[in-house]
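Asks: Next up, input_35.cif (mmCIF, N, CA and C atoms).
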data_final
loop_
_atom_site.label_atom_id
_atom_site.label_comp_id
_atom_site.auth_asym_id
_atom_site.auth_seq_id
_atom_site.Cartn_x
_atom_site.Cartn_y
_atom_site.Cartn_z
N MET A 145 -17.28 -17.26 -15.16
CA MET A 145 -16.89 -16.35 -14.09
C MET A 145 -15.60 -15.64 -14.51
N LYS A 146 -15.55 -14.38 -14.22
CA LYS A 146 -14.41 -13.54 -14.57
C LYS A 146 -13.26 -13.78 -13.59
N LEU A 147 -12.04 -13.87 -14.14
CA LEU A 147 -10.87 -14.03 -13.28
C LEU A 147 -10.61 -12.75 -12.51
N ILE A 148 -10.34 -12.90 -11.23
CA ILE A 148 -10.06 -11.75 -10.37
C ILE A 148 -8.56 -11.73 -10.10
N LYS A 149 -7.92 -10.62 -10.45
CA LYS A 149 -6.49 -10.47 -10.22
C LYS A 149 -6.27 -9.79 -8.88
N GLU A 150 -5.61 -10.48 -8.00
CA GLU A 150 -5.33 -9.94 -6.67
C GLU A 150 -4.11 -9.02 -6.73
N PRO A 151 -4.05 -8.01 -5.86
CA PRO A 151 -2.91 -7.09 -5.86
C PRO A 151 -1.60 -7.75 -5.47
N ILE A 152 -1.64 -8.90 -4.81
CA ILE A 152 -0.39 -9.56 -4.41
C ILE A 152 0.39 -10.02 -5.64
N LYS A 153 -0.28 -10.18 -6.78
CA LYS A 153 0.38 -10.61 -8.00
C LYS A 153 0.80 -9.43 -8.87
N ASN A 154 0.57 -8.21 -8.41
CA ASN A 154 0.92 -7.01 -9.16
C ASN A 154 2.37 -6.64 -8.86
N TRP A 155 3.27 -6.85 -9.82
CA TRP A 155 4.70 -6.63 -9.58
C TRP A 155 5.02 -5.15 -9.39
N LYS A 156 4.25 -4.26 -10.01
CA LYS A 156 4.50 -2.83 -9.84
C LYS A 156 4.26 -2.39 -8.40
N LEU A 157 3.25 -2.94 -7.80
CA LEU A 157 2.95 -2.63 -6.40
C LEU A 157 4.09 -3.08 -5.50
N TRP A 158 4.66 -4.26 -5.76
CA TRP A 158 5.77 -4.76 -4.96
C TRP A 158 7.03 -3.92 -5.16
N VAL A 159 7.24 -3.40 -6.36
CA VAL A 159 8.39 -2.53 -6.60
C VAL A 159 8.25 -1.24 -5.78
N VAL A 160 7.03 -0.67 -5.79
CA VAL A 160 6.78 0.55 -5.01
C VAL A 160 6.99 0.27 -3.52
N PHE A 161 6.48 -0.86 -3.03
CA PHE A 161 6.69 -1.22 -1.62
C PHE A 161 8.17 -1.36 -1.31
N GLY A 162 8.93 -1.99 -2.19
CA GLY A 162 10.36 -2.17 -1.98
C GLY A 162 11.11 -0.86 -1.92
N VAL A 163 10.80 0.05 -2.85
CA VAL A 163 11.46 1.36 -2.86
C VAL A 163 11.11 2.15 -1.61
N LEU A 164 9.84 2.15 -1.23
CA LEU A 164 9.45 2.87 -0.02
C LEU A 164 10.10 2.27 1.22
N PHE A 165 10.22 0.95 1.25
CA PHE A 165 10.88 0.31 2.39
C PHE A 165 12.35 0.72 2.47
N LEU A 166 13.03 0.74 1.33
CA LEU A 166 14.43 1.15 1.33
C LEU A 166 14.60 2.61 1.74
N LEU A 167 13.66 3.47 1.34
CA LEU A 167 13.74 4.87 1.72
C LEU A 167 13.41 5.10 3.19
N SER A 168 12.63 4.19 3.77
CA SER A 168 12.20 4.39 5.16
C SER A 168 13.29 4.11 6.18
N VAL A 169 14.32 3.39 5.80
CA VAL A 169 15.41 3.07 6.71
C VAL A 169 16.55 4.06 6.47
N PRO A 170 16.99 4.79 7.48
CA PRO A 170 17.99 5.85 7.24
C PRO A 170 19.42 5.34 7.07
N TRP A 171 19.61 4.28 6.32
CA TRP A 171 20.95 3.73 6.10
C TRP A 171 21.77 4.59 5.15
N TYR A 172 21.12 5.40 4.35
CA TYR A 172 21.83 6.20 3.34
C TYR A 172 22.26 7.57 3.87
N PHE A 173 22.01 7.86 5.14
CA PHE A 173 22.46 9.11 5.75
C PHE A 173 23.83 8.90 6.39
N PRO A 174 24.63 9.96 6.49
CA PRO A 174 25.92 9.83 7.16
C PRO A 174 25.75 9.50 8.64
N THR A 175 26.71 8.82 9.21
CA THR A 175 26.66 8.44 10.62
C THR A 175 26.67 9.70 11.49
N GLY A 176 25.77 9.72 12.49
CA GLY A 176 25.69 10.85 13.40
C GLY A 176 25.04 12.08 12.79
N SER A 177 24.35 11.90 11.69
CA SER A 177 23.72 13.02 11.01
C SER A 177 22.41 13.40 11.71
N TYR A 178 22.35 14.61 12.20
CA TYR A 178 21.12 15.07 12.84
C TYR A 178 20.77 16.49 12.45
N LYS A 179 21.61 17.16 11.71
CA LYS A 179 21.33 18.53 11.30
C LYS A 179 21.01 18.54 9.83
N PRO A 180 20.19 19.37 9.31
CA PRO A 180 19.47 20.45 9.97
C PRO A 180 18.24 19.95 10.73
N ILE A 181 17.86 20.72 11.69
CA ILE A 181 16.66 20.44 12.47
C ILE A 181 15.57 21.38 12.00
N ILE A 182 14.44 20.80 11.60
CA ILE A 182 13.30 21.57 11.09
C ILE A 182 12.15 21.42 12.08
N LEU A 183 11.72 22.54 12.66
CA LEU A 183 10.65 22.56 13.67
C LEU A 183 10.97 21.64 14.84
N GLY A 184 12.24 21.56 15.20
CA GLY A 184 12.65 20.75 16.34
C GLY A 184 12.82 19.28 16.04
N ILE A 185 12.69 18.88 14.78
CA ILE A 185 12.79 17.47 14.40
C ILE A 185 13.91 17.35 13.36
N PRO A 186 14.80 16.36 13.50
CA PRO A 186 15.86 16.18 12.52
C PRO A 186 15.29 15.89 11.13
N TYR A 187 16.04 16.26 10.10
CA TYR A 187 15.55 16.10 8.73
C TYR A 187 15.30 14.64 8.37
N TRP A 188 16.08 13.72 8.91
CA TRP A 188 15.87 12.31 8.59
C TRP A 188 14.54 11.81 9.14
N ALA A 189 14.10 12.37 10.27
CA ALA A 189 12.81 11.98 10.83
C ALA A 189 11.68 12.47 9.93
N TRP A 190 11.83 13.67 9.34
CA TRP A 190 10.83 14.17 8.40
C TRP A 190 10.74 13.27 7.17
N ILE A 191 11.89 12.84 6.68
CA ILE A 191 11.90 11.96 5.51
C ILE A 191 11.20 10.65 5.82
N ILE A 192 11.50 10.08 6.99
CA ILE A 192 10.85 8.83 7.39
C ILE A 192 9.35 9.03 7.55
N LEU A 193 8.95 10.16 8.10
CA LEU A 193 7.52 10.46 8.25
C LEU A 193 6.83 10.54 6.89
N PHE A 194 7.43 11.23 5.94
CA PHE A 194 6.83 11.34 4.61
C PHE A 194 6.80 10.00 3.88
N VAL A 195 7.82 9.18 4.05
CA VAL A 195 7.82 7.85 3.44
C VAL A 195 6.73 6.99 4.08
N SER A 196 6.52 7.11 5.36
CA SER A 196 5.44 6.37 6.03
C SER A 196 4.08 6.78 5.51
N ILE A 197 3.89 8.06 5.29
CA ILE A 197 2.63 8.55 4.72
C ILE A 197 2.46 8.03 3.30
N ALA A 198 3.53 8.02 2.51
CA ALA A 198 3.47 7.49 1.14
C ALA A 198 3.16 5.99 1.16
N PHE A 199 3.75 5.27 2.11
CA PHE A 199 3.47 3.84 2.23
C PHE A 199 2.00 3.60 2.57
N SER A 200 1.47 4.38 3.48
CA SER A 200 0.06 4.27 3.85
C SER A 200 -0.85 4.60 2.67
N ALA A 201 -0.49 5.63 1.91
CA ALA A 201 -1.29 6.00 0.73
C ALA A 201 -1.24 4.90 -0.32
N THR A 202 -0.09 4.25 -0.48
CA THR A 202 0.02 3.16 -1.44
C THR A 202 -0.83 1.97 -1.03
N ILE A 203 -0.82 1.64 0.24
CA ILE A 203 -1.65 0.54 0.73
C ILE A 203 -3.13 0.88 0.56
N THR A 204 -3.50 2.12 0.86
CA THR A 204 -4.89 2.54 0.68
C THR A 204 -5.30 2.45 -0.78
N PHE A 205 -4.42 2.88 -1.69
CA PHE A 205 -4.70 2.78 -3.12
C PHE A 205 -4.90 1.32 -3.53
N ALA A 206 -4.03 0.44 -3.04
CA ALA A 206 -4.14 -0.97 -3.39
C ALA A 206 -5.45 -1.57 -2.89
N ILE A 207 -5.87 -1.20 -1.70
CA ILE A 207 -7.11 -1.74 -1.15
C ILE A 207 -8.32 -1.19 -1.91
N LYS A 208 -8.32 0.10 -2.20
CA LYS A 208 -9.47 0.74 -2.85
C LYS A 208 -9.58 0.40 -4.33
N ARG A 209 -8.46 0.36 -5.04
CA ARG A 209 -8.49 0.26 -6.50
C ARG A 209 -8.14 -1.11 -7.06
N LEU A 210 -7.29 -1.86 -6.39
CA LEU A 210 -6.79 -3.11 -6.97
C LEU A 210 -7.55 -4.34 -6.52
N TRP A 211 -8.10 -4.33 -5.32
CA TRP A 211 -8.90 -5.47 -4.87
C TRP A 211 -10.31 -5.32 -5.39
N ILE A 212 -10.79 -6.34 -6.04
CA ILE A 212 -12.15 -6.32 -6.59
C ILE A 212 -13.03 -7.13 -5.65
N THR A 213 -13.86 -6.44 -4.89
CA THR A 213 -14.73 -7.14 -3.95
C THR A 213 -16.19 -7.10 -4.39
N GLU A 214 -16.53 -6.27 -5.36
CA GLU A 214 -17.93 -6.14 -5.77
C GLU A 214 -18.45 -7.39 -6.45
N GLU A 215 -17.64 -8.04 -7.28
CA GLU A 215 -18.08 -9.25 -7.96
C GLU A 215 -18.35 -10.38 -6.98
N ILE A 216 -17.54 -10.47 -5.96
CA ILE A 216 -17.71 -11.52 -4.97
C ILE A 216 -19.03 -11.32 -4.22
N THR A 217 -19.35 -10.10 -3.85
CA THR A 217 -20.58 -9.86 -3.11
C THR A 217 -21.80 -10.08 -3.99
N THR A 218 -21.74 -9.70 -5.28
CA THR A 218 -22.90 -9.92 -6.15
C THR A 218 -23.09 -11.41 -6.41
N ASP A 219 -21.99 -12.17 -6.54
CA ASP A 219 -22.11 -13.62 -6.72
C ASP A 219 -22.76 -14.26 -5.50
N ARG A 220 -22.38 -13.82 -4.32
CA ARG A 220 -22.96 -14.39 -3.10
C ARG A 220 -24.44 -14.05 -2.99
N LYS A 221 -24.82 -12.85 -3.41
CA LYS A 221 -26.23 -12.48 -3.37
C LYS A 221 -27.03 -13.34 -4.33
N GLU A 222 -26.48 -13.59 -5.52
CA GLU A 222 -27.17 -14.44 -6.48
C GLU A 222 -27.27 -15.87 -5.98
N ASP A 223 -26.22 -16.38 -5.35
CA ASP A 223 -26.25 -17.73 -4.79
C ASP A 223 -27.32 -17.84 -3.70
N ASN A 224 -27.41 -16.84 -2.85
CA ASN A 224 -28.42 -16.85 -1.79
C ASN A 224 -29.82 -16.77 -2.37
N LYS A 225 -29.99 -16.03 -3.45
CA LYS A 225 -31.30 -15.90 -4.07
C LYS A 225 -31.76 -17.26 -4.61
N TRP A 226 -30.85 -17.99 -5.23
CA TRP A 226 -31.20 -19.28 -5.81
C TRP A 226 -31.39 -20.34 -4.73
N ASN A 227 -30.65 -20.24 -3.65
CA ASN A 227 -30.77 -21.23 -2.58
C ASN A 227 -32.07 -21.09 -1.81
N LYS A 228 -32.64 -19.91 -1.73
CA LYS A 228 -33.86 -19.70 -0.96
C LYS A 228 -35.07 -20.25 -1.70
N ASN A 229 -35.04 -20.29 -3.02
CA ASN A 229 -36.22 -20.77 -3.79
C ASN A 229 -36.24 -22.23 -3.84
#
Show this structure as structure tokens.
Replies:
Amino acid sequence: MKLIKEPIKNWKLWVVFGVLFLLSVPWYFPTGSYKPIILGIPYWAWIILFVSIAFSATITFAIKRLWITEEITTDRKEDNKWNKN
């Protein structure tokens, strides 16, 4: 049986999550910073919105590309085939 590497053990993914988490908290903006306002929303809110979208895209990438679920389903189908006979 082939070893399946789970995304939780992928250190690059954790680095990306850490960077996005640090960017999502507006600690690096000056106190009381609310200008400029773009389309009625402060710029820091736009940055947080874009970081949230990037975080969601990263999670989607990890689920679609890094988790291998096809081998598990084919193994289960083969097990069921042998158990029925």
Asks: Any chance you could work out the residue set of the PyMOL selection byres ((chain A and resi 168) around 7) here, as a ChimeraX atom specification?
Replies: /A:163-167,169-171,191-192,195-196
Asks: Please write the residues picked by the PyMOL selection byres (((chain A and resi 188 and name CA) around 12) and name CA) on this file as a list in words.
Replies: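 Taken on the displayed file, the PyMOL selection byres (((chain A and resi 188 and name CA) around 12) and name CA) yields the residues Leu167, Ser168, Val169, Pro170, Trp171, Tyr172, Phe173, Pro174, Thr175, Gly176, Ser177, Tyr178, Lys179, Pro180, Ile181, Ile182, Gly184, Ile185, Pro186, Tyr187, Ala189, Trp190, Ile191, Ile192, Leu193, Phe194 and Val195 of chain A.
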Asks: As JSON, what would the box around range 160-171 of chain A look like: edges along x, y and z, 6 Å added on every side, centre and edge lengths in Å to one decimal?
Replies:
{"center_x": 14.1, "center_y": 1.8, "center_z": 0.8, "size_x": 27.3, "size_y": 20.0, "size_z": 25.3}
Asks: At what distance in Å, to one decimal, does CA of Gly162 in chain A lie from CA of Phe205 in chain A?
Replies: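 One can read the CA of Phe205 in chain A to CA of Gly162 in chain A distance as 15.9 Å.
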Asks: Could you give me, as number ranges by chain, each residue of range 172-214 of chain A that DSSP assigns to strand (DSSP E or B) when run on this structure's backbone?
Replies: A: 181-182, 185-186
Asks: Quick one: pull the distance between CA of Ala198 in chain A and atom C of Trp211 in chain A, Å, one decimal.
Replies: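 Between these atoms lies a distance of 19.9 Å.
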Asks: Using CA of Ser200 in chain A and CA of Phe161 in chain A as the two end points, give the distance in Å to one decimal.
Replies: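 Computing it gives 10.2 Å between the two atoms.
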Asks: Between A:Thr202, A:Ile197, A:Leu183, A:Leu210, which residue has the minimum interatomic distance to Val160 in chain A, considering only N, CA and C atoms?
Replies: A:Thr202
